[in-house]
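Source file: run30.txt; contents: compact mmCIF, C-alpha atoms.
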```txt
# COMPACT_ATOMS: atom_id res chain seq x y z
CA MET A 29 173.79 116.12 108.49
CA LYS A 30 173.75 119.70 109.84
CA TYR A 31 171.10 121.36 112.02
CA ILE A 32 171.22 125.07 112.78
CA VAL A 33 169.30 127.26 115.16
CA CYS A 34 165.88 128.37 113.95
CA VAL A 35 165.52 131.99 112.73
CA CYS A 36 163.72 133.19 115.84
CA CYS A 37 166.50 131.85 118.08
CA LEU A 38 169.18 133.63 116.04
CA ALA A 39 167.14 136.80 116.18
CA PHE A 40 167.27 137.19 119.90
CA ALA A 41 170.89 135.96 119.95
CA LEU A 42 172.09 138.57 117.44
CA GLY A 43 169.74 141.54 117.40
CA VAL A 44 166.86 141.72 119.84
CA LEU A 45 169.18 141.57 122.83
CA ALA A 46 170.28 145.10 122.15
CA GLN A 47 167.48 146.23 124.48
CA ASP A 48 168.49 143.70 127.20
CA LYS A 49 171.25 143.80 129.76
CA VAL A 50 172.96 140.55 130.71
CA ILE A 51 173.09 140.38 134.51
CA GLU A 52 174.11 136.72 134.89
CA LYS A 53 175.23 133.88 132.61
CA SER A 54 176.34 130.26 132.86
CA ALA A 55 179.77 130.82 131.30
CA LYS A 56 182.08 133.78 130.88
CA LYS A 57 182.27 133.41 127.11
CA THR A 58 179.32 132.79 124.81
CA PRO A 59 179.94 129.38 123.11
CA SER A 60 180.41 129.40 119.35
CA TRP A 61 177.97 126.48 118.77
CA ILE A 62 175.02 128.82 119.44
CA THR A 63 175.42 130.58 116.09
CA GLN A 64 177.30 127.97 114.04
CA ALA A 65 176.04 124.90 112.19
CA ALA A 66 177.01 121.63 113.86
CA ASP A 67 177.10 118.18 112.29
CA ASP A 68 174.60 115.72 113.78
CA TYR A 69 173.23 118.17 116.34
CA LEU A 70 170.14 120.24 116.98
CA VAL A 71 170.83 123.68 118.46
CA VAL A 72 167.69 125.05 120.10
CA GLY A 73 167.18 128.35 121.95
CA VAL A 74 164.18 129.70 123.85
CA THR A 75 163.30 132.63 126.10
CA SER A 76 161.28 132.22 129.28
CA SER A 77 160.59 133.81 132.66
CA SER A 78 162.56 131.19 134.62
CA LEU A 79 165.16 128.49 134.11
CA ALA A 80 162.65 125.76 134.94
CA SER A 81 160.12 126.92 132.36
CA ALA A 82 162.94 127.45 129.84
CA GLN A 83 163.94 123.80 130.22
CA ASN A 84 160.36 122.69 129.55
CA LYS A 85 160.09 124.96 126.50
CA VAL A 86 163.38 123.81 125.03
CA LEU A 87 162.41 120.13 125.43
CA THR A 88 159.13 120.86 123.62
CA GLU A 89 161.04 122.62 120.84
CA ILE A 90 163.48 119.70 120.47
CA THR A 91 160.58 117.27 120.27
CA GLU A 92 158.79 119.37 117.65
CA GLN A 93 161.90 119.69 115.48
CA ILE A 94 162.49 115.93 115.60
CA ILE A 95 158.83 115.25 114.79
CA ARG A 96 159.01 117.64 111.85
CA SER A 97 162.19 116.00 110.55
CA VAL A 98 160.40 112.63 110.60
CA ALA A 99 157.10 113.89 109.19
CA THR A 100 158.75 115.85 106.37
CA ASN A 101 160.54 112.75 105.14
CA ILE A 102 157.57 110.38 105.30
CA SER A 103 155.02 112.81 103.85
CA VAL A 104 156.20 112.13 100.29
CA SER A 105 157.15 108.44 100.45
CA GLN A 106 154.04 107.37 102.34
CA GLN A 107 151.32 109.34 100.56
CA ASN A 108 149.11 106.32 99.83
CA THR A 109 149.33 105.03 103.37
CA MET A 110 148.95 108.35 105.13
CA SER A 111 146.20 109.83 102.92
CA GLU A 112 147.98 113.18 102.55
CA VAL A 113 145.98 116.36 101.99
CA ASN A 114 147.36 118.59 99.18
CA THR A 115 146.42 122.28 99.14
CA ASN A 116 147.80 124.54 96.43
CA GLY A 117 150.46 121.97 95.67
CA SER A 118 151.80 121.74 99.24
CA ILE A 119 151.50 118.77 101.60
CA GLU A 120 149.93 119.73 104.92
CA SER A 121 150.28 116.47 106.84
CA SER A 122 153.64 117.42 108.34
CA ASP A 123 152.19 120.39 110.22
CA ALA A 124 149.14 118.35 111.20
CA PHE A 125 151.44 115.63 112.50
CA VAL A 126 153.45 118.10 114.58
CA HIS A 127 150.34 119.69 116.05
CA HIS A 128 148.75 116.35 116.86
CA SER A 129 151.93 114.85 118.27
CA LYS A 130 152.50 117.77 120.63
CA LEU A 131 149.15 116.96 122.19
CA ASN A 132 149.36 113.17 121.98
CA SER A 133 153.04 112.29 122.10
CA ALA A 134 152.23 109.31 124.32
CA ASN A 135 150.80 107.63 121.19
CA LEU A 136 154.16 107.82 119.40
CA PRO A 137 156.60 105.40 121.09
CA PHE A 138 159.61 106.63 119.09
CA LEU A 139 159.41 110.00 120.90
CA LYS A 140 159.88 108.51 124.36
CA GLY A 141 163.70 108.62 124.11
CA ILE A 142 163.79 112.41 123.84
CA SER A 143 165.12 113.81 127.15
CA LEU A 144 167.18 116.71 128.47
CA SER A 145 169.54 114.12 129.92
CA ASN A 146 170.80 113.63 126.35
CA VAL A 147 171.84 117.29 126.01
CA GLU A 148 175.61 117.68 125.54
CA GLU A 149 175.99 121.41 126.18
CA ILE A 150 173.88 124.14 127.81
CA TYR A 151 174.28 127.87 127.91
CA TRP A 152 171.95 130.43 129.49
CA GLU A 153 171.79 134.13 130.22
CA LYS A 154 169.72 136.03 132.74
CA VAL A 155 168.78 139.35 131.17
CA GLN A 156 166.91 142.50 132.18
CA ASN A 157 165.04 144.75 129.78
CA LYS A 158 166.53 148.23 129.96
CA ASN A 159 163.15 149.91 129.56
CA THR A 160 160.73 147.73 131.54
CA LYS A 161 163.26 146.22 134.01
CA ALA A 162 161.59 142.81 133.41
CA VAL A 163 163.87 139.79 133.98
CA SER A 164 163.94 136.76 131.66
CA TYR A 165 166.21 133.89 130.67
CA ASN A 166 167.68 133.04 127.28
CA TYR A 167 168.40 129.29 127.21
CA TRP A 168 170.28 127.26 124.56
CA VAL A 169 171.04 123.54 124.26
CA LYS A 170 173.14 121.42 121.92
CA TYR A 171 171.22 118.18 121.37
CA PRO A 172 172.71 115.13 119.54
CA TYR A 173 170.59 114.06 116.57
CA SER A 174 172.42 112.16 113.85
CA LYS A 175 171.23 111.20 110.38
CA ALA A 176 171.33 107.54 111.46
CA GLU A 177 169.03 108.36 114.38
CA GLN A 178 166.69 110.22 112.05
CA ARG A 179 166.50 107.20 109.69
CA LYS A 180 165.81 104.96 112.66
CA LEU A 181 162.93 107.16 113.85
CA ILE A 182 161.47 107.28 110.33
CA ARG A 183 161.53 103.47 110.13
CA GLU A 184 159.88 103.19 113.54
CA PHE A 185 157.18 105.67 112.57
CA GLU A 186 156.49 103.94 109.25
CA GLN A 187 156.14 100.60 111.03
CA LEU A 188 153.81 102.13 113.61
CA ASP A 189 151.73 103.89 110.97
CA ALA A 190 151.47 100.73 108.85
CA SER A 191 150.25 98.75 111.86
CA LYS A 192 147.57 101.37 112.59
CA VAL A 193 146.41 101.30 108.96
CA SER A 194 146.25 97.50 109.14
CA GLU A 195 144.10 97.73 112.30
CA LEU A 196 141.75 100.16 110.57
CA ASN A 197 141.38 97.92 107.51
CA ALA A 198 140.68 94.90 109.73
CA LEU A 199 137.94 96.81 111.54
CA LYS A 200 136.39 97.79 108.21
CA LYS A 201 136.20 94.11 107.21
CA ARG A 202 134.87 93.05 110.60
CA LEU A 203 131.86 95.38 110.27
CA ASN A 204 130.07 92.95 107.93
CA ASN A 205 131.18 89.79 109.70
CA ILE A 206 130.20 90.31 113.34
CA GLN A 207 129.92 86.96 115.13
CA SER A 208 129.12 88.13 118.65
CA TYR A 209 127.56 91.07 120.48
CA ASP A 210 130.81 91.75 122.36
CA GLU A 211 132.64 92.33 119.05
CA ILE A 212 130.61 95.52 118.50
CA LYS A 213 131.76 97.15 121.74
CA GLN A 214 135.32 95.84 121.32
CA SER A 215 135.53 97.27 117.79
CA ILE A 216 134.30 100.71 118.94
CA THR A 217 136.93 100.71 121.71
CA GLU A 218 139.67 99.88 119.18
CA LEU A 219 138.45 102.63 116.85
CA ASN A 220 138.48 105.20 119.66
CA THR A 221 142.12 104.27 120.28
CA LEU A 222 142.91 104.72 116.59
CA SER A 223 141.23 108.14 116.61
CA GLU A 224 143.78 109.24 119.21
CA TYR A 225 146.60 108.23 116.86
CA PHE A 226 145.60 109.39 113.37
CA PHE A 227 146.62 113.00 112.77
CA ASP A 228 145.43 113.54 109.18
CA GLU A 229 141.82 114.51 108.54
CA VAL A 230 141.26 111.86 105.87
CA ARG A 231 141.87 108.84 108.07
CA LEU A 232 140.45 110.51 111.17
CA SER A 233 137.24 111.05 109.23
CA GLN A 234 137.24 107.37 108.19
CA VAL A 235 137.59 106.29 111.82
CA LYS A 236 134.76 108.53 113.00
CA GLY A 237 132.51 107.28 110.20
CA LEU A 238 133.28 103.67 111.07
CA ILE A 239 132.50 104.31 114.76
CA GLU A 240 129.10 105.64 113.71
CA GLN A 241 128.47 102.54 111.57
CA TYR A 242 129.32 100.24 114.48
CA ASN A 243 127.00 102.20 116.79
CA GLN A 244 124.22 101.75 114.24
CA LEU A 245 124.56 97.96 114.62
CA TYR A 246 122.82 98.18 117.99
CA SER A 247 119.68 99.32 116.18
CA ALA A 248 119.93 96.32 113.81
CA LEU A 249 119.64 93.76 116.64
CA SER A 250 116.48 91.70 116.93
CA LEU A 251 115.19 88.62 118.73
CA THR A 252 113.71 85.50 117.17
CA GLY A 253 112.68 82.07 118.40
CA ASN A 254 110.62 78.94 117.85
CA PHE A 255 109.27 76.01 119.82
CA THR A 256 111.53 73.00 119.27
CA ASP A 257 109.71 70.44 121.44
CA LYS A 258 107.05 70.19 124.12
CA GLY A 259 108.22 72.41 126.95
CA GLN A 260 111.12 73.86 124.97
CA TYR A 261 111.63 77.17 123.20
CA LEU A 262 114.78 78.17 121.26
CA CYS A 263 115.57 81.91 121.19
CA GLN A 264 118.35 83.64 119.28
CA VAL A 265 119.66 87.20 118.93
CA LEU A 266 119.97 88.35 115.30
CA LEU A 267 122.05 91.12 113.72
CA ASN A 268 120.56 92.25 110.41
CA GLY A 269 118.72 88.93 110.32
CA TYR A 270 121.78 86.74 111.01
CA PRO A 271 122.46 84.92 114.31
CA ILE A 272 125.15 86.28 116.64
CA ARG A 273 126.40 85.13 120.02
CA VAL A 274 125.60 86.99 123.22
CA ALA A 275 127.23 86.31 126.58
CA VAL A 276 124.18 87.34 128.61
CA SER A 277 121.39 84.83 129.21
CA PRO A 278 117.83 86.09 128.80
CA LYS A 279 115.51 86.59 131.73
CA VAL A 280 112.39 84.49 131.10
CA THR A 281 109.06 84.81 132.91
CA SER A 282 105.55 83.52 132.22
CA ASN A 283 101.98 84.19 133.28
CA CYS A 284 101.44 80.45 133.87
CA ALA A 285 104.44 78.22 133.06
CA SER A 286 106.58 76.92 135.92
CA GLN A 287 110.10 75.52 136.49
CA ILE A 288 111.53 77.79 133.80
CA GLY A 289 115.17 77.12 132.93
CA VAL A 290 117.57 78.68 130.41
CA GLN A 291 120.57 76.89 128.87
CA PRO A 292 123.00 78.09 126.16
CA SER A 293 122.99 76.07 122.93
CA ASP A 294 125.49 76.81 120.15
CA GLY A 295 125.06 80.58 120.26
CA ALA A 296 121.34 80.41 121.06
CA TYR A 297 119.42 79.71 124.29
CA ILE A 298 116.96 76.90 125.05
CA VAL A 299 114.15 77.79 127.44
CA SER A 300 112.57 74.82 129.21
CA TYR A 301 109.29 75.01 131.14
CA LEU A 302 106.23 73.09 132.40
CA THR A 303 102.64 74.00 131.48
CA GLU A 304 100.63 72.08 134.11
CA ASP A 305 99.25 75.34 135.50
CA CYS A 306 98.36 76.81 132.09
CA LEU A 307 94.67 76.74 131.06
CA PRO A 308 93.56 76.20 127.43
CA THR A 309 90.92 78.91 127.83
CA GLU A 310 93.52 81.58 128.65
CA GLU A 311 96.27 83.33 126.73
CA ASN A 312 99.50 81.63 127.81
CA PHE A 313 102.93 82.98 127.02
CA LEU A 314 106.63 83.32 127.86
CA ASN A 315 108.29 86.74 128.22
CA ILE A 316 111.84 86.63 126.80
CA ASP A 317 114.00 89.58 127.94
CA PHE A 318 117.63 90.12 126.84
CA ARG A 319 119.16 93.03 128.79
CA LEU A 320 122.32 93.80 126.87
CA GLU A 321 124.65 96.68 127.70
CA ASN A 322 123.47 99.01 124.92
CA LYS A 323 120.26 97.31 123.87
CA ARG A 324 117.23 95.63 125.39
CA LEU A 325 115.43 92.96 123.36
CA GLN A 326 112.03 91.54 124.34
CA GLN A 327 109.72 88.94 122.87
CA LYS A 328 106.43 87.31 123.87
CA ALA A 329 106.16 83.64 122.86
CA TYR A 330 102.59 82.28 123.06
CA LEU A 331 102.18 78.74 124.43
CA ASN A 332 99.78 77.32 121.84
CA GLU A 333 100.87 73.80 122.79
CA VAL A 334 98.51 73.86 125.76
CA SER A 335 95.62 73.05 123.39
CA ALA A 336 97.71 71.32 120.74
CA ALA A 337 95.98 67.94 121.26
CA GLU A 338 92.77 69.38 119.85
CA THR A 339 94.30 71.11 116.82
CA PHE A 340 96.38 70.37 113.73
CA SER A 341 99.91 71.40 114.73
CA VAL A 342 103.09 70.13 113.08
CA VAL A 343 106.29 72.01 114.03
CA PRO A 344 109.79 71.54 112.48
CA GLN A 345 112.46 71.14 115.16
CA GLY A 346 115.99 70.01 115.96
CA LYS A 347 118.93 69.99 113.55
CA ILE A 348 118.85 69.25 109.83
CA ILE A 349 121.44 66.66 108.75
CA LEU A 350 122.81 66.97 105.20
CA THR A 351 124.92 64.06 103.92
CA ALA A 352 126.48 63.98 100.45
CA ASP A 353 127.08 60.72 98.59
CA SER A 354 130.42 62.09 97.41
CA VAL A 355 132.38 65.36 97.25
CA ALA A 356 134.97 66.48 94.70
CA GLY A 357 136.43 69.90 95.47
CA ARG A 358 133.48 72.26 95.67
CA THR A 359 131.14 69.89 93.77
CA ILE A 360 128.70 67.88 95.91
CA TYR A 361 126.81 64.86 94.53
CA ASN A 362 123.37 63.75 95.81
CA ILE A 363 122.46 65.30 99.16
CA ASN A 364 120.58 63.10 101.64
CA ILE A 365 118.40 65.09 104.02
CA ARG A 366 117.21 64.06 107.48
CA MET A 367 115.04 66.32 109.61
CA THR A 368 112.41 65.98 112.33
CA VAL A 369 109.01 67.54 112.92
CA ASN A 370 106.80 67.39 115.99
CA ASN A 371 103.21 66.28 115.30
CA ARG A 372 101.87 67.82 118.49
CA GLY A 373 98.16 67.27 117.88
CA GLY A 374 98.52 63.68 116.66
CA THR A 375 96.43 64.38 113.56
CA PRO A 376 97.67 62.56 110.43
CA PHE A 377 99.30 64.98 108.05
CA GLY A 378 100.65 65.08 104.54
CA LEU A 379 104.00 66.46 103.46
CA LYS A 380 103.66 68.33 100.16
CA ALA A 381 106.86 70.38 99.61
CA LEU A 382 110.26 71.32 101.08
CA GLU A 383 112.42 74.35 100.27
CA PHE A 384 115.82 74.75 101.92
CA TYR A 385 118.32 77.62 101.57
CA VAL A 386 121.63 76.30 102.90
CA PRO A 387 124.17 79.16 103.48
CA GLU A 388 127.11 77.27 101.98
CA LEU A 389 125.29 76.08 98.82
CA SER A 390 124.98 78.34 95.80
CA THR A 391 121.47 77.06 94.91
CA PRO A 392 118.45 76.10 97.08
CA ILE A 393 117.24 72.52 97.61
CA VAL A 394 113.62 72.22 96.47
CA PHE A 395 111.18 69.27 96.60
CA ASP A 396 107.73 69.67 95.04
CA ASP A 397 104.71 67.29 95.07
CA ILE A 398 106.09 64.91 97.69
CA ASN A 399 102.61 63.76 98.77
CA ALA A 400 103.79 61.61 101.69
CA ILE A 401 101.40 60.78 104.57
CA TYR A 402 102.51 60.52 108.24
CA LYS A 403 100.24 59.22 111.01
CA THR A 404 102.59 59.09 114.00
CA LYS A 405 102.00 61.44 116.94
CA GLY A 406 104.96 63.30 118.38
CA VAL A 407 108.42 63.36 116.78
CA VAL A 408 108.50 62.22 113.13
CA GLN A 409 111.63 61.79 111.05
CA ILE A 410 111.55 62.92 107.41
CA ASN A 411 114.10 61.61 104.91
CA ALA A 412 114.63 62.82 101.35
CA THR A 413 117.37 62.77 98.71
CA ALA A 414 118.19 65.67 96.40
CA GLU A 415 119.79 64.05 93.40
CA GLY A 416 122.29 65.80 91.16
CA GLU A 417 125.27 68.12 91.52
CA PHE A 418 125.48 71.07 93.88
CA THR A 419 128.22 73.69 94.20
CA ALA A 420 129.52 74.70 97.62
CA LYS A 421 130.61 78.27 98.32
CA GLU A 422 134.26 78.83 99.13
CA VAL A 423 133.68 80.07 102.67
CA LYS A 424 130.99 79.06 105.12
CA SER A 425 129.21 82.22 106.28
CA SER A 426 129.25 81.43 110.00
CA ALA A 427 130.17 78.74 112.50
CA PHE A 428 126.56 78.58 113.66
CA SER A 429 124.56 79.25 110.46
CA PHE A 430 120.96 78.18 110.02
CA VAL A 431 118.99 76.67 107.14
CA ASP A 432 116.24 79.05 106.02
CA GLY A 433 113.24 77.93 103.99
CA SER A 434 109.78 76.44 104.30
CA ILE A 435 107.89 73.19 104.66
CA THR A 436 104.35 72.71 103.34
CA PHE A 437 101.93 70.38 105.19
CA VAL A 438 98.45 69.11 104.24
CA ASN A 439 95.69 68.19 106.67
CA PRO A 440 94.20 65.06 105.00
CA THR A 441 90.97 65.45 106.99
CA THR A 442 90.17 68.99 105.86
CA GLY A 443 92.47 69.35 102.85
CA ALA A 444 93.85 72.57 104.31
CA ILE A 445 97.41 73.46 103.30
CA GLU A 446 99.74 75.01 105.89
CA ARG A 447 103.13 76.46 104.97
CA LYS A 448 105.62 76.99 107.80
CA THR A 449 108.85 78.92 107.53
CA ILE A 450 111.88 77.26 109.08
CA LYS A 451 115.18 78.46 110.49
CA LEU A 452 117.01 75.47 111.93
CA PRO A 453 120.65 74.65 112.66
CA TYR A 454 122.26 72.08 110.42
CA ALA A 455 125.28 69.84 109.97
CA THR A 456 127.02 68.49 106.84
CA ASN A 457 129.59 65.81 106.06
CA TRP A 458 131.57 67.94 103.59
CA GLN A 459 132.85 70.73 105.85
```

If you convert what's in this file into structure tokens, what do you get?
Amino acid sequence: MKYIVCVCCLAFALGVLAQDKVIEKSAKKTPSWITQAADDYLVVGVTSSSLASAQNKVLTEITEQIIRSVATNISVSQQNTMSEVNTNGSIESSDAFVHHSKLNSANLPFLKGISLSNVEEIYWEKVQNKNTKAVSYNYWVKYPYSKAEQRKLIREFEQLDASKVSELNALKKRLNNIQSYDEIKQSITELNTLSEYFFDEVRLSQVKGLIEQYNQLYSALSLTGNFTDKGQYLCQVLLNGYPIRVAVSPKVTSNCASQIGVQPSDGAYIVSYLTEDCLPTEENFLNIDFRLENKRLQQKAYLNEVSAAETFSVVPQGKIILTADSVAGRTIYNINIRMTVNNRGGTPFGLKALEFYVPELSTPIVFDDINAIYKTKGVVQINATAEGEFTAKEVKSSAFSFVDGSITFVNPTTGAIERKTIKLPYATNWQ
């Protein structure tokens, strides 16, 4: 492999110097390697106002030539990976790479070995312009750069670039599978790091667009909750309607409830409280306040249980247990269901219908015209069996998914029908 001095360097070595007078030089005789091709070497020359600045300029020039030798070779073989931009039949990524790398060489580990300590030969001249009397330095170096070293740098760059592309693809997939609030901020931080690496406009544009999509997730956060028992309220942060984990506990206050406590529970938070000081004639409530880093979520939960003894109030609570009689691959046979409801008022009630949407089942579980009567006050267990075959999805959507659906009650005294939506955690015996 042969590297020769760039045209501009030869120009001042052979022609432009006719207007300059050499007043000092590092050797009596100008070395032949300045104007001759040399195997496995870069010969670089610069002009500057001092020797110190000439050394800095020549190191920059060496770095740029090595970058260009790497970029030129990968621009064709890595088009799919690097998202090259073609204009009038020419590939522009090489120049973009050089420009970007000059500003961000710290992001390219394979450039860290470039140093003036590797230079084998140096020659410089101190010259004075005959017309202006200005003094400057012409500075040349002979820098070892073999074809084997070039291949090594190309391999290192391709490995680095492939790893960055892999990171970008992983962040694209993560966007629709966020499991915790912290993942949003972490993903944006990782994308900002990638934006400092990518030099081509195509991928840089993809990164910026993905950062914007992640920032939009903060606007998709909401807060939900339900009373799970007397003196207990379960609250959960949702992202686009699906539960996610948050590391910050909510601040909970009330206009009447006392001894308020907050405990984490499988990605959600259970608020416990006492209502001895709450009056049935007043509006009683809990204020739920999540103060997250980039979002504040608030909710007011009304304490209707204060007068529950005088009203018809049946509330689903706890965890739904789903047990299959047998499982063969993704086929599930006969699902036994156990759930609990809280008959707060103690009024006898009828159970008319159940409708469950289980995230890992491809079809809902539906019971119509149950017509069962329950007279027990407080916690009541409901058991039912969905006979037949059900198909499980290949992947469970989340480690802490909830069953969505509804339960329809009947007040036997008045005949009134009350349909309550449910969103309760669940457990199965097949996953």

Task: Non-local contacts of A:Lys192 (12 Å; all atoms listed in the file; under 2 positions in same chain excluded) as a list in words - done: Thr109, Met110, Asn135, Leu136, Phe185, Glu186, Gln187, Leu188, Asp189, Ala190, Ser194, Glu195, Leu196, Asn197, Ala198, Leu199, Glu218, Leu219, Thr221, Leu222, Ser223, Glu224, Tyr225, Phe226, Phe227, Arg231, Leu232 and Val235 of chain A

Task: Nearby residues (all atoms listed in the file) at most 10 Å from A:Ser208, same-chain spacing under 5 positions excluded, as a PyMOL selection string - done: chain A and resi 213+265-267+271-275+295

Open item on the list: One decimal, in Å: what's the spacing between atom CA of A:Glu211 and atom CA of A:Ile239?
Closed with: 12.7 Å

Task: Residue nearest A:Lys323 among A:Tyr385, A:Phe395, A:Tyr301, A:Tyr209 (counting only C-alpha atoms) - done: A:Tyr209

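Shortest separation to A:Phe313 among A:Asn146, A:Ser282, A:Pro59, A:Ser300 occurs at residue A:Ser282, atoms counted being all atoms listed in the file.
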
Open item on the list: Can you tell me which residues surround A:Thr256 at a distance of at most 9 Å, considering only C-alpha atoms, apart from same-chain residues fewer than 6 positions away, and format the answer as a PyMOL selection string?
Closed with: chain A and resi 262+298+343-346+369-370

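In this comparison, which uses only C-alpha atoms, the residue of A:Gln93, A:Thr456, A:Thr160, A:Thr375 approaching A:Ser429 most closely is A:Thr456.
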
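Atom pair atom CA of A:Asp210 / atom CA of A:Ser293 has a distance of 17.5 Å (rounded to one decimal).
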
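Proximity of A:Tyr361, A:Tyr242, A:Tyr173, A:Phe430 to A:Arg202, computed with all atoms listed in the file, is greatest for A:Tyr242.
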
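In this structure, atom CA of A:Ser354 sits 21.4 Å away from atom CA of A:Ile410.
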
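Remark: for A:Asp432, the closest of the candidate residues A:Ala444, A:Leu382, A:Leu325, A:Ile401 is A:Leu382 (distances computed over all atoms listed in the file).
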
Open item on the list: If we count only C-alpha atoms and set the cut-off at 9 Å, which residues sit around A:Tyr297, ignoring sequence neighbours fewer than 2 positions away in its own chain? Please answer as a PyMOL selection string.
Closed with: chain A and resi 261-264+277-278+290-295+299

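Residue nearest A:Arg372 within the list A:Gly357, A:Pro387, A:Pro453, A:Gly259: A:Gly259 [criterion: smallest interatomic distance, all atoms listed in the file].
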
Open item on the list: Need the shell around A:Ile365: protein/DNA/RNA residues with any atom at most 10 Å away, counting all atoms listed in the file. Skip same-chain ones fewer than 4 positions apart. Format as a list in words?
Closed with: Ile348, Ile349, Leu350, Thr351, Ala352, Ile393, Ile410, Asn411, Ala412, Thr413, Ala414 and Thr456 of chain A

Open item on the list: With 12 Å as the threshold, what does the neighbourhood of (126.6, 102.9, 110.1) contain in terms of residues, counting all atoms listed in the file? Coordinates are those of the file; answer as a VMD selection string.
Closed with: chain A and resid 200 203 to 204 212 216 234 to 248

For stretch 212-217 of chain A, supply all heavy atoms and report the output as a compact mmCIF listing (two decimals), in the coordinates of the input.
```txt
# COMPACT_ATOMS: atom_id res chain seq x y z
N ILE A 212 131.02 94.15 118.83
CA ILE A 212 130.61 95.52 118.50
C ILE A 212 131.29 96.50 119.45
O ILE A 212 131.94 97.46 119.03
CB ILE A 212 129.08 95.67 118.58
CG1 ILE A 212 128.39 94.68 117.62
CG2 ILE A 212 128.67 97.10 118.24
CD1 ILE A 212 126.87 94.71 117.72
N LYS A 213 131.15 96.26 120.75
CA LYS A 213 131.76 97.15 121.74
C LYS A 213 133.29 97.13 121.63
O LYS A 213 133.94 98.19 121.70
CB LYS A 213 131.34 96.71 123.14
CG LYS A 213 131.94 97.57 124.25
CD LYS A 213 131.53 97.09 125.62
CE LYS A 213 132.18 97.93 126.71
NZ LYS A 213 131.81 97.45 128.07
N GLN A 214 133.88 95.95 121.44
CA GLN A 214 135.32 95.84 121.32
C GLN A 214 135.84 96.64 120.12
O GLN A 214 136.85 97.33 120.20
CB GLN A 214 135.72 94.37 121.18
CG GLN A 214 137.21 94.14 120.99
CD GLN A 214 137.55 92.68 120.71
OE1 GLN A 214 136.72 91.79 120.92
NE2 GLN A 214 138.74 92.43 120.23
N SER A 215 135.12 96.56 119.00
CA SER A 215 135.53 97.27 117.79
C SER A 215 135.46 98.78 118.00
O SER A 215 136.35 99.52 117.55
CB SER A 215 134.65 96.86 116.62
OG SER A 215 134.77 95.48 116.35
N ILE A 216 134.42 99.26 118.67
CA ILE A 216 134.30 100.71 118.94
C ILE A 216 135.45 101.17 119.83
O ILE A 216 136.01 102.25 119.63
CB ILE A 216 132.94 101.01 119.57
CG1 ILE A 216 131.82 100.76 118.55
CG2 ILE A 216 132.87 102.45 120.06
CD1 ILE A 216 130.42 100.89 119.12
N THR A 217 135.80 100.37 120.83
CA THR A 217 136.93 100.71 121.71
C THR A 217 138.23 100.81 120.92
O THR A 217 139.02 101.75 121.10
CB THR A 217 137.08 99.65 122.82
OG1 THR A 217 135.88 99.61 123.61
CG2 THR A 217 138.26 99.98 123.72
```
